[in-house]
$ cat entry-v2.cif   # mmCIF, C-alpha atoms
data_run
loop_
_atom_site.group_PDB
_atom_site.id
_atom_site.type_symbol
_atom_site.label_atom_id
_atom_site.label_comp_id
_atom_site.auth_asym_id
_atom_site.auth_seq_id
_atom_site.Cartn_x
_atom_site.Cartn_y
_atom_site.Cartn_z
ATOM 1 C CA MET M 1 -17.384 -3.055 -16.833
ATOM 2 C CA PRO M 2 -13.686 -3.778 -16.067
ATOM 3 C CA GLU M 3 -12.973 -6.055 -13.137
ATOM 4 C CA ILE M 4 -12.012 -4.285 -9.938
ATOM 5 C CA THR M 5 -8.451 -4.941 -8.825
ATOM 6 C CA ASP M 6 -8.305 -5.679 -5.109
ATOM 7 C CA ALA M 7 -4.985 -7.526 -4.729
ATOM 8 C CA TYR M 8 -1.640 -5.772 -4.478
ATOM 9 C CA LYS M 9 1.982 -6.345 -3.456
ATOM 10 C CA THR M 10 3.917 -4.560 -0.742
ATOM 11 C CA ILE M 11 6.822 -5.358 1.584
ATOM 12 C CA ALA M 12 6.328 -7.179 4.874
ATOM 13 C CA GLY M 13 8.762 -5.023 6.849
ATOM 14 C CA PRO M 14 11.710 -2.607 6.628
ATOM 15 C CA SER M 15 14.727 -3.486 4.509
ATOM 16 C CA GLU M 16 18.002 -1.837 3.563
ATOM 17 C CA GLY M 17 20.385 -1.556 0.621
ATOM 18 C CA LEU M 18 23.782 0.072 0.151
ATOM 19 C CA TYR M 19 25.697 1.481 -2.822
ATOM 20 C CA LYS M 20 29.086 3.216 -2.902
ATOM 21 C CA ASP M 21 30.731 5.205 -5.676
ATOM 22 C CA LYS M 22 33.773 7.508 -5.609
ATOM 23 C CA GLY M 23 33.575 8.004 -1.873
ATOM 24 C CA SER M 24 29.852 8.730 -1.783
ATOM 25 C CA LYS M 25 27.674 6.329 0.183
ATOM 26 C CA PHE M 26 24.006 5.742 -0.613
ATOM 27 C CA ILE M 27 22.010 4.074 2.155
ATOM 28 C CA ALA M 28 18.569 2.943 1.005
ATOM 29 C CA ARG M 29 15.731 2.126 3.384
ATOM 30 C CA ALA M 30 12.378 0.671 2.314
ATOM 31 C CA TYR M 31 9.328 0.679 4.583
ATOM 32 C CA PRO M 32 5.733 -0.491 4.320
ATOM 33 C CA ALA M 33 3.499 2.567 4.764
ATOM 34 C CA ALA M 34 -0.284 2.827 4.725
ATOM 35 C CA ASP M 35 -0.735 6.620 4.505
ATOM 36 C CA GLU M 36 0.951 10.016 4.324
ATOM 37 C CA HIS M 37 0.993 10.405 8.109
ATOM 38 C CA ALA M 38 3.050 7.227 8.523
ATOM 39 C CA ILE M 39 5.378 8.406 5.766
ATOM 40 C CA SER M 40 5.931 11.775 7.463
ATOM 41 C CA GLU M 41 6.863 10.051 10.712
ATOM 42 C CA LEU M 42 9.295 7.711 8.946
ATOM 43 C CA LEU M 43 10.965 10.595 7.111
ATOM 44 C CA GLU M 44 11.344 12.590 10.314
ATOM 45 C CA ALA M 45 12.891 9.612 12.102
ATOM 46 C CA LEU M 46 15.381 9.116 9.261
ATOM 47 C CA ARG M 47 16.354 12.782 9.280
ATOM 48 C CA ARG M 48 17.153 12.455 12.966
ATOM 49 C CA GLU M 49 19.079 9.200 12.478
ATOM 50 C CA PHE M 50 21.097 10.512 9.509
ATOM 51 C CA HIS M 51 21.204 14.156 10.566
ATOM 52 C CA ASP M 52 24.698 14.641 9.121
ATOM 53 C CA ALA M 53 23.857 13.338 5.622
ATOM 54 C CA ARG M 54 23.703 15.782 2.720
ATOM 55 C CA HIS M 55 20.584 14.401 1.006
ATOM 56 C CA HIS M 56 17.501 12.420 2.015
ATOM 57 C CA CYS M 57 15.868 11.569 -1.313
ATOM 58 C CA TYR M 58 12.732 9.478 -1.482
ATOM 59 C CA ALA M 59 9.701 8.208 -3.342
ATOM 60 C CA TYR M 60 6.501 6.625 -2.180
ATOM 61 C CA ARG M 61 3.389 5.054 -3.646
ATOM 62 C CA LEU M 62 0.051 4.507 -1.911
ATOM 63 C CA GLY M 63 -3.052 2.597 -2.944
ATOM 64 C CA LEU M 64 -3.793 0.789 -6.177
ATOM 65 C CA ALA M 65 -3.993 3.895 -8.351
ATOM 66 C CA GLU M 66 -0.703 5.342 -9.534
ATOM 67 C CA GLU M 67 -1.752 8.956 -8.885
ATOM 68 C CA ARG M 68 -1.055 8.650 -5.127
ATOM 69 C CA TYR M 69 2.697 9.003 -5.218
ATOM 70 C CA ARG M 70 5.445 11.516 -4.606
ATOM 71 C CA ILE M 71 9.090 11.879 -5.528
ATOM 72 C CA ASN M 72 11.656 14.172 -3.875
ATOM 73 C CA ASP M 73 15.207 14.937 -5.029
ATOM 74 C CA ASP M 74 16.098 16.846 -1.835
ATOM 75 C CA GLY M 75 18.613 19.123 -3.505
ATOM 76 C CA GLU M 76 20.014 16.707 -6.067
ATOM 77 C CA PRO M 77 19.675 17.739 -9.739
ATOM 78 C CA SER M 78 16.082 17.373 -10.908
ATOM 79 C CA GLY M 79 15.172 13.855 -11.988
ATOM 80 C CA THR M 80 18.351 12.190 -10.713
ATOM 81 C CA ALA M 81 17.143 10.817 -7.370
ATOM 82 C CA GLY M 82 13.426 10.602 -6.583
ATOM 83 C CA ARG M 83 12.391 9.436 -10.035
ATOM 84 C CA PRO M 84 14.922 6.576 -10.252
ATOM 85 C CA ILE M 85 13.812 5.465 -6.786
ATOM 86 C CA TYR M 86 10.163 5.579 -7.861
ATOM 87 C CA GLY M 87 11.029 3.659 -11.006
ATOM 88 C CA GLN M 88 12.255 0.766 -8.880
ATOM 89 C CA ILE M 89 9.005 0.754 -6.886
ATOM 90 C CA LEU M 90 7.042 0.513 -10.139
ATOM 91 C CA SER M 91 9.351 -2.112 -11.607
ATOM 92 C CA ALA M 92 8.761 -4.297 -8.548
ATOM 93 C CA GLY M 93 4.999 -3.723 -8.784
ATOM 94 C CA LEU M 94 4.766 -2.482 -5.190
ATOM 95 C CA THR M 95 2.494 -0.042 -3.391
ATOM 96 C CA ASP M 96 1.909 1.206 0.165
ATOM 97 C CA ILE M 97 5.647 1.693 0.331
ATOM 98 C CA LEU M 98 8.252 4.373 1.044
ATOM 99 C CA VAL M 99 11.843 4.151 -0.190
ATOM 100 C CA VAL M 100 14.394 6.663 1.094
ATOM 101 C CA VAL M 101 18.015 6.920 -0.051
ATOM 102 C CA VAL M 102 20.349 8.828 2.236
ATOM 103 C CA ARG M 103 23.502 10.140 0.588
ATOM 104 C CA TYR M 104 26.802 10.929 2.247
ATOM 105 C CA PHE M 105 28.851 12.986 -0.232
ATOM 106 C CA GLY M 106 32.330 11.678 -0.873
ATOM 107 C CA GLY M 107 33.829 14.851 -2.342
ATOM 108 C CA ILE M 108 33.706 13.826 -6.010
ATOM 109 C CA LYS M 109 30.730 14.754 -8.179
ATOM 110 C CA LEU M 110 29.138 11.788 -9.960
ATOM 111 C CA GLY M 111 27.330 13.651 -12.720
ATOM 112 C CA ALA M 112 23.679 13.152 -13.641
ATOM 113 C CA GLY M 113 24.215 9.655 -15.037
ATOM 114 C CA GLY M 114 26.187 8.568 -11.994
ATOM 115 C CA LEU M 115 23.524 9.889 -9.627
ATOM 116 C CA VAL M 116 20.716 8.140 -11.468
ATOM 117 C CA ARG M 117 22.664 4.884 -11.344
ATOM 118 C CA ALA M 118 23.456 5.292 -7.655
ATOM 119 C CA TYR M 119 19.902 6.036 -6.533
ATOM 120 C CA LYS M 120 18.456 3.354 -8.790
ATOM 121 C CA THR M 121 20.925 0.696 -7.658
ATOM 122 C CA SER M 122 20.632 1.436 -3.948
ATOM 123 C CA ALA M 123 16.817 1.482 -4.075
ATOM 124 C CA ARG M 124 16.785 -1.801 -5.986
ATOM 125 C CA ALA M 125 19.102 -3.345 -3.397
ATOM 126 C CA ALA M 126 16.720 -2.402 -0.583
ATOM 127 C CA LEU M 127 13.761 -3.893 -2.448
ATOM 128 C CA ASN M 128 15.692 -7.044 -3.320
ATOM 129 C CA ASN M 129 16.391 -7.513 0.390
ATOM 130 C CA ALA M 130 12.729 -7.095 1.328
ATOM 131 C CA ARG M 131 10.163 -9.845 1.751
ATOM 132 C CA ILE M 132 7.365 -9.231 -0.706
ATOM 133 C CA GLU M 133 3.825 -10.205 0.230
ATOM 134 C CA GLN M 134 0.465 -10.018 -1.485
ATOM 135 C CA ARG M 135 -2.482 -8.426 0.286
ATOM 136 C CA VAL M 136 -6.166 -8.152 -0.561
ATOM 137 C CA LEU M 137 -8.656 -5.321 -0.043
ATOM 138 C CA TYR M 138 -11.943 -6.227 1.637
ATOM 139 C CA ASP M 139 -15.281 -4.559 2.298
ATOM 140 C CA VAL M 140 -17.813 -5.248 5.022
ATOM 141 C CA ILE M 141 -21.473 -5.520 4.099
ATOM 142 C CA HIS M 142 -23.776 -4.600 6.991
ATOM 143 C CA LEU M 143 -27.261 -6.129 6.758
ATOM 144 C CA HIS M 144 -30.243 -5.043 8.827
ATOM 145 C CA TYR M 145 -33.497 -6.983 8.456
ATOM 146 C CA ALA M 146 -36.506 -8.411 10.268
ATOM 147 C CA TYR M 147 -36.391 -11.999 11.525
ATOM 148 C CA PRO M 148 -38.833 -13.370 8.884
ATOM 149 C CA MET M 149 -36.195 -12.561 6.211
ATOM 150 C CA MET M 150 -33.652 -14.814 7.946
ATOM 151 C CA ASN M 151 -33.981 -17.817 5.626
ATOM 152 C CA GLU M 152 -33.519 -15.790 2.448
ATOM 153 C CA VAL M 153 -30.544 -13.920 3.853
ATOM 154 C CA MET M 154 -28.798 -17.054 5.112
ATOM 155 C CA LYS M 155 -29.471 -18.828 1.809
ATOM 156 C CA MET M 156 -27.575 -16.029 0.058
ATOM 157 C CA VAL M 157 -24.738 -16.329 2.576
ATOM 158 C CA LYS M 158 -24.468 -20.091 2.050
ATOM 159 C CA GLU M 159 -24.728 -20.032 -1.745
ATOM 160 C CA ASN M 160 -21.908 -17.487 -2.003
ATOM 161 C CA ASN M 161 -19.781 -19.002 0.774
ATOM 162 C CA LEU M 162 -19.610 -15.632 2.544
ATOM 163 C CA ASN M 163 -17.558 -14.983 5.659
ATOM 164 C CA VAL M 164 -19.777 -13.800 8.540
ATOM 165 C CA ILE M 165 -17.756 -11.696 10.986
ATOM 166 C CA ASN M 166 -20.557 -10.546 13.311
ATOM 167 C CA GLN M 167 -24.186 -11.462 13.819
ATOM 168 C CA LYS M 168 -27.203 -10.704 15.970
ATOM 169 C CA PHE M 169 -30.322 -12.810 15.529
ATOM 170 C CA GLU M 170 -33.395 -11.382 17.280
ATOM 171 C CA LEU M 171 -36.627 -9.858 15.997
ATOM 172 C CA ASP M 172 -34.365 -7.129 14.640
ATOM 173 C CA CYS M 173 -31.461 -8.969 12.959
ATOM 174 C CA ARG M 174 -28.033 -7.662 12.027
ATOM 175 C CA LEU M 175 -25.332 -9.405 10.030
ATOM 176 C CA GLU M 176 -21.837 -8.292 8.999
ATOM 177 C CA ILE M 177 -20.172 -10.054 6.103
ATOM 178 C CA GLN M 178 -16.620 -9.729 4.813
ATOM 179 C CA THR M 179 -16.158 -9.831 1.050
ATOM 180 C CA ARG M 180 -13.314 -9.170 -1.358
ATOM 181 C CA LYS M 181 -13.714 -5.731 -2.874
ATOM 182 C CA LYS M 182 -13.943 -7.115 -6.392
ATOM 183 C CA ASN M 183 -17.014 -9.145 -5.343
ATOM 184 C CA THR M 184 -18.728 -6.450 -3.271
ATOM 185 C CA GLU M 185 -21.096 -5.077 -5.910
ATOM 186 C CA LYS M 186 -22.282 -8.539 -6.980
ATOM 187 C CA ILE M 187 -22.969 -9.556 -3.360
ATOM 188 C CA ARG M 188 -24.647 -6.244 -2.548
ATOM 189 C CA ALA M 189 -26.874 -6.579 -5.599
ATOM 190 C CA GLY M 190 -27.889 -10.074 -4.515
ATOM 191 C CA PHE M 191 -28.942 -8.941 -1.049
ATOM 192 C CA SER M 192 -30.760 -5.929 -2.475
ATOM 193 C CA LYS M 193 -33.198 -8.321 -4.192
ATOM 194 C CA ILE M 194 -34.421 -9.487 -0.786
ATOM 195 C CA ARG M 195 -37.241 -7.130 0.114
ATOM 196 C CA GLY M 196 -36.884 -5.404 3.473
ATOM 197 C CA VAL M 197 -33.116 -5.822 3.838
ATOM 198 C CA LYS M 198 -31.173 -2.606 4.523
ATOM 199 C CA ILE M 199 -27.593 -2.612 3.297
ATOM 200 C CA GLU M 200 -24.574 -0.492 4.255
ATOM 201 C CA LEU M 201 -20.951 -0.817 3.199
ATOM 202 C CA SER M 202 -17.674 -0.015 4.932
ATOM 203 C CA ASN M 203 -14.033 -0.614 4.154
ATOM 204 C CA LEU M 204 -12.069 -3.220 6.032
ATOM 205 C CA CYS M 205 -8.379 -2.856 6.858
ATOM 206 C CA LYS M 206 -6.041 -4.579 4.450
#
$ encode --input "entry-v2.cif" --output "structure tokens"
Amino acid sequence: MPEITDAYKTIAGPSEGLYKDKGSKFIARAYPAADEHAISELLEALRREFHDARHHCYAYRLGLAEERYRINDDGEPSGTAGRPIYGQILSAGLTDILVVVVRYFGGIKLGAGGLVRAYKTSARAALNNARIEQRVLYDVIHLHYAYPMMNEVMKMVKENNLNVINQKFELDCRLEIQTRKKNTEKIRAGFSKIRGVKIELSNLCK
């Protein structure tokens, strides 16, 4: 079974890049974004801020799997804006990110090659100006067991150096443990060998 990937790179906060060519100005903004709702709000805010711009082209990527992404040329010739922006996101190995390039037309057409270069360069500038940080995905293991199982449960916690985030020790005991996602199945399997322990899982914020 392949190892689960639970670490990823994103940007710590908003950043900006700028590119100019033949009178056209390309303003790139990069934002950390956790979901589509946050992305929609960011796009709406940018449309209000740059309401007089001709194009608001963008790309985003969410999660660790590459299928959660979108590119938008916003009226530019197909493949000349959103895809070059997305290419820079992939080249930097980033996710949970939105990159928008706002174009002010300068009166001279740049051609397909010129547009690709402009959107690629401005997006790269924004990412180069960003602070990159690595984050890790965690799960929470919820344990529910009777007090006589306490020693076996705590032995498992100690042997695996697990991080206890909440606990309740009475006749009816409850324990919440934080674990990296890549280790979750191994830890869950270990607890499942202790008879009488009920186990539930939930995701923890990144």
$ residues_around --input "entry-v2.cif" --residues "segment 166-170 of chain M" --least-positions-apart "6" --cutoff "8 Å" --atoms "all atoms listed in the file" --output "short mmCIF file (atom, residue, chain, number, x, y, z; two decimals) with C-alpha atoms, keeping the file's coordinate frame"
data_model
loop_
_atom_site.label_atom_id
_atom_site.label_comp_id
_atom_site.auth_asym_id
_atom_site.auth_seq_id
_atom_site.Cartn_x
_atom_site.Cartn_y
_atom_site.Cartn_z
CA TYR M 147 -36.39 -12.00 11.52
CA GLU M 176 -21.84 -8.29 9.00
CA ILE M 177 -20.17 -10.05 6.10
#
$ resolve_selection --input "entry-v2.cif" --expression "the PyMOL selection byres ((chain M and resi 9) around 6)" --output "CSV table (one decimal) with C-alpha atoms, in the coordinates of the input"
chain,number,residue,atom,x,y,z
M,8,TYR,CA,-1.6,-5.8,-4.5
M,10,THR,CA,3.9,-4.6,-0.7
M,94,LEU,CA,4.8,-2.5,-5.2
M,133,GLU,CA,3.8,-10.2,0.2
M,134,GLN,CA,0.5,-10.0,-1.5
$ resolve_selection --input "entry-v2.cif" --expression "the PyMOL selection byres ((chain M and resi 62) around 6)" --output "list in words"
Arg61, Gly63, Arg68, Thr95 and Asp96 of chain M
$ write_last_selection --input "entry-v2.cif" --atoms "C-alpha atoms" --output "short mmCIF file (atom, residue, chain, number, x, y, z; two decimals), in the frame of the given file"
data_model
loop_
_atom_site.label_atom_id
_atom_site.label_comp_id
_atom_site.auth_asym_id
_atom_site.auth_seq_id
_atom_site.Cartn_x
_atom_site.Cartn_y
_atom_site.Cartn_z
CA ARG M 61 3.39 5.05 -3.65
CA GLY M 63 -3.05 2.60 -2.94
CA ARG M 68 -1.06 8.65 -5.13
CA THR M 95 2.49 -0.04 -3.39
CA ASP M 96 1.91 1.21 0.16
#
$ closest_residue --input "entry-v2.cif" --among "M:Ala28, M:Ala34, M:Gly113, M:Ala130" --to "Gly13 of chain M" --atoms "all atoms listed in the file"
M:Ala130
$ atom_distance --input "entry-v2.cif" --atom1 "atom CA of Arg135 of chain M" --atom2 "atom CA of Val102 of chain M"
28.7 Å
$ resolve_selection --input "entry-v2.cif" --expression "the PyMOL selection byres ((chain M and resi 178) around 6)" --output "list in words"
Asp139, Val140, Asn163, Ile177 and Thr179 of chain M
$ closest_residue --input "entry-v2.cif" --among "M:Leu171, M:Ile141, M:Ile108, M:Met149" --to "Ile199 of chain M" --atoms "all atoms listed in the file"
M:Ile141
$ residues_around --input "entry-v2.cif" --residues "Lys120 of chain M" --least-positions-apart "5" --cutoff "8 Å" --atoms "only C-alpha atoms" --output "number ranges by chain"
M: 81, 84-85, 87-88
$ residues_near_point --input "entry-v2.cif" --point "(-34.6, -3.8, 8.2)" --cutoff "6 Å" --atoms "all atoms listed in the file" --output "list in words"
His144, Tyr145, Ala146, Gly196, Val197 and Lys198 of chain M
$ residues_around --input "entry-v2.cif" --residues "segment 152-156 of chain M" --least-positions-apart "3" --cutoff "9 Å" --atoms "only C-alpha atoms" --output "list in words"
Leu143, Tyr145, Pro148, Met149, Glu159, Asn160, Asn161, Leu162, Ile187, Gly190, Phe191, Ile194 and Val197 of chain M
$ residues_around --input "entry-v2.cif" --residues "Ala118 of chain M" --least-positions-apart "5" --cutoff "12 Å" --atoms "only C-alpha atoms" --output "PyMOL selection string"
chain M and resi 17-28+57+80-82+84-85+101-105+109-113+123-125
$ atom_distance --input "entry-v2.cif" --atom1 "atom CA of Glu16 of chain M" --atom2 "atom CA of Asn129 of chain M"
6.7 Å
$ atom_distance --input "entry-v2.cif" --atom1 "atom CA of Lys181 of chain M" --atom2 "atom CA of Ile165 of chain M"
15.6 Å
$ axis_aligned_box --input "entry-v2.cif" --around "segment 189-205 of chain M" --padding-each-side "4 Å" --output "JSON"
{"center_x": -22.8, "center_y": -5.0, "center_z": 0.6, "size_x": 36.9, "size_y": 18.1, "size_z": 20.5}
$ closest_residue --input "entry-v2.cif" --among "M:Pro77, M:Lys182, M:Thr5, M:Ala92" --to "Ala65 of chain M" --atoms "only C-alpha atoms"
M:Thr5
$ decode --input "entry-v2.cif" --residues "segment 170-203 of chain M" --atoms "N, CA and C atoms" --output "tab-separated table (two decimals), in the first residue's frame"
chain	number	residue	atom	x	y	z
M	170	GLU	N	-13.19	8.57	33.95
M	170	GLU	CA	-14.18	8.16	34.95
M	170	GLU	C	-14.47	6.69	34.70
M	171	LEU	N	-15.58	6.18	35.21
M	171	LEU	CA	-15.93	4.80	34.89
M	171	LEU	C	-16.11	4.63	33.38
M	172	ASP	N	-16.64	5.68	32.76
M	172	ASP	CA	-16.79	5.73	31.32
M	172	ASP	C	-15.75	6.71	30.78
M	173	CYS	N	-14.67	6.20	30.18
M	173	CYS	CA	-13.53	7.04	29.80
M	173	CYS	C	-13.60	7.45	28.34
M	174	ARG	N	-13.12	8.67	28.08
M	174	ARG	CA	-13.02	9.17	26.72
M	174	ARG	C	-11.65	9.83	26.53
M	175	LEU	N	-11.09	9.60	25.35
M	175	LEU	CA	-9.76	10.12	25.05
M	175	LEU	C	-9.74	10.57	23.60
M	176	GLU	N	-9.18	11.76	23.35
M	176	GLU	CA	-9.03	12.25	21.97
M	176	GLU	C	-7.55	12.43	21.69
M	177	ILE	N	-7.11	11.85	20.59
M	177	ILE	CA	-5.69	11.84	20.25
M	177	ILE	C	-5.49	12.42	18.87
M	178	GLN	N	-4.52	13.30	18.73
M	178	GLN	CA	-4.17	13.87	17.43
M	178	GLN	C	-3.06	13.04	16.80
M	179	THR	N	-3.22	12.72	15.53
M	179	THR	CA	-2.21	11.95	14.82
M	179	THR	C	-2.07	12.45	13.39
M	180	ARG	N	-0.86	12.40	12.86
M	180	ARG	CA	-0.69	12.73	11.44
M	180	ARG	C	-1.49	11.75	10.60
M	181	LYS	N	-2.07	12.27	9.53
M	181	LYS	CA	-2.96	11.44	8.71
M	181	LYS	C	-2.26	10.19	8.19
M	182	LYS	N	-0.98	10.30	7.87
M	182	LYS	CA	-0.28	9.14	7.33
M	182	LYS	C	-0.12	8.03	8.37
M	183	ASN	N	-0.26	8.37	9.65
M	183	ASN	CA	-0.13	7.37	10.72
M	183	ASN	C	-1.47	6.89	11.27
M	184	THR	N	-2.57	7.49	10.80
M	184	THR	CA	-3.87	7.23	11.40
M	184	THR	C	-4.26	5.76	11.37
M	185	GLU	N	-4.13	5.11	10.23
M	185	GLU	CA	-4.59	3.73	10.11
M	185	GLU	C	-3.78	2.80	11.02
M	186	LYS	N	-2.49	3.02	11.11
M	186	LYS	CA	-1.65	2.18	11.98
M	186	LYS	C	-2.07	2.35	13.45
M	187	ILE	N	-2.32	3.59	13.87
M	187	ILE	CA	-2.71	3.85	15.26
M	187	ILE	C	-4.11	3.30	15.53
M	188	ARG	N	-5.01	3.49	14.58
M	188	ARG	CA	-6.37	2.97	14.75
M	188	ARG	C	-6.35	1.45	14.88
M	189	ALA	N	-5.54	0.81	14.04
M	189	ALA	CA	-5.45	-0.65	14.09
M	189	ALA	C	-4.90	-1.12	15.44
M	190	GLY	N	-3.96	-0.38	16.00
M	190	GLY	CA	-3.41	-0.75	17.30
M	190	GLY	C	-4.45	-0.68	18.40
M	191	PHE	N	-5.24	0.38	18.41
M	191	PHE	CA	-6.29	0.51	19.43
M	191	PHE	C	-7.40	-0.52	19.23
M	192	SER	N	-7.64	-0.89	17.99
M	192	SER	CA	-8.72	-1.84	17.72
M	192	SER	C	-8.42	-3.23	18.30
M	193	LYS	N	-7.17	-3.49	18.61
M	193	LYS	CA	-6.79	-4.79	19.20
M	193	LYS	C	-7.13	-4.85	20.69
M	194	ILE	N	-7.43	-3.69	21.27
M	194	ILE	CA	-7.80	-3.67	22.69
M	194	ILE	C	-9.31	-3.89	22.78
M	195	ARG	N	-9.69	-5.01	23.34
M	195	ARG	CA	-11.11	-5.39	23.36
M	195	ARG	C	-11.92	-4.40	24.20
M	196	GLY	N	-13.05	-3.97	23.65
M	196	GLY	CA	-13.94	-3.09	24.38
M	196	GLY	C	-13.73	-1.61	24.09
M	197	VAL	N	-12.76	-1.28	23.27
M	197	VAL	CA	-12.50	0.13	22.94
M	197	VAL	C	-13.26	0.50	21.66
M	198	LYS	N	-14.09	1.53	21.74
M	198	LYS	CA	-14.80	2.05	20.57
M	198	LYS	C	-14.00	3.19	19.96
M	199	ILE	N	-13.90	3.19	18.67
M	199	ILE	CA	-13.03	4.14	17.97
M	199	ILE	C	-13.82	4.92	16.92
M	200	GLU	N	-13.64	6.23	16.90
M	200	GLU	CA	-14.19	7.09	15.85
M	200	GLU	C	-13.09	8.01	15.36
M	201	LEU	N	-13.21	8.44	14.11
M	201	LEU	CA	-12.22	9.33	13.52
M	201	LEU	C	-12.88	10.62	13.06
M	202	SER	N	-12.12	11.70	13.09
M	202	SER	CA	-12.57	12.97	12.52
M	202	SER	C	-11.37	13.72	12.03
M	203	ASN	N	-11.58	14.58	11.05
M	203	ASN	CA	-10.49	15.39	10.51
M	203	ASN	C	-10.21	16.56	11.43
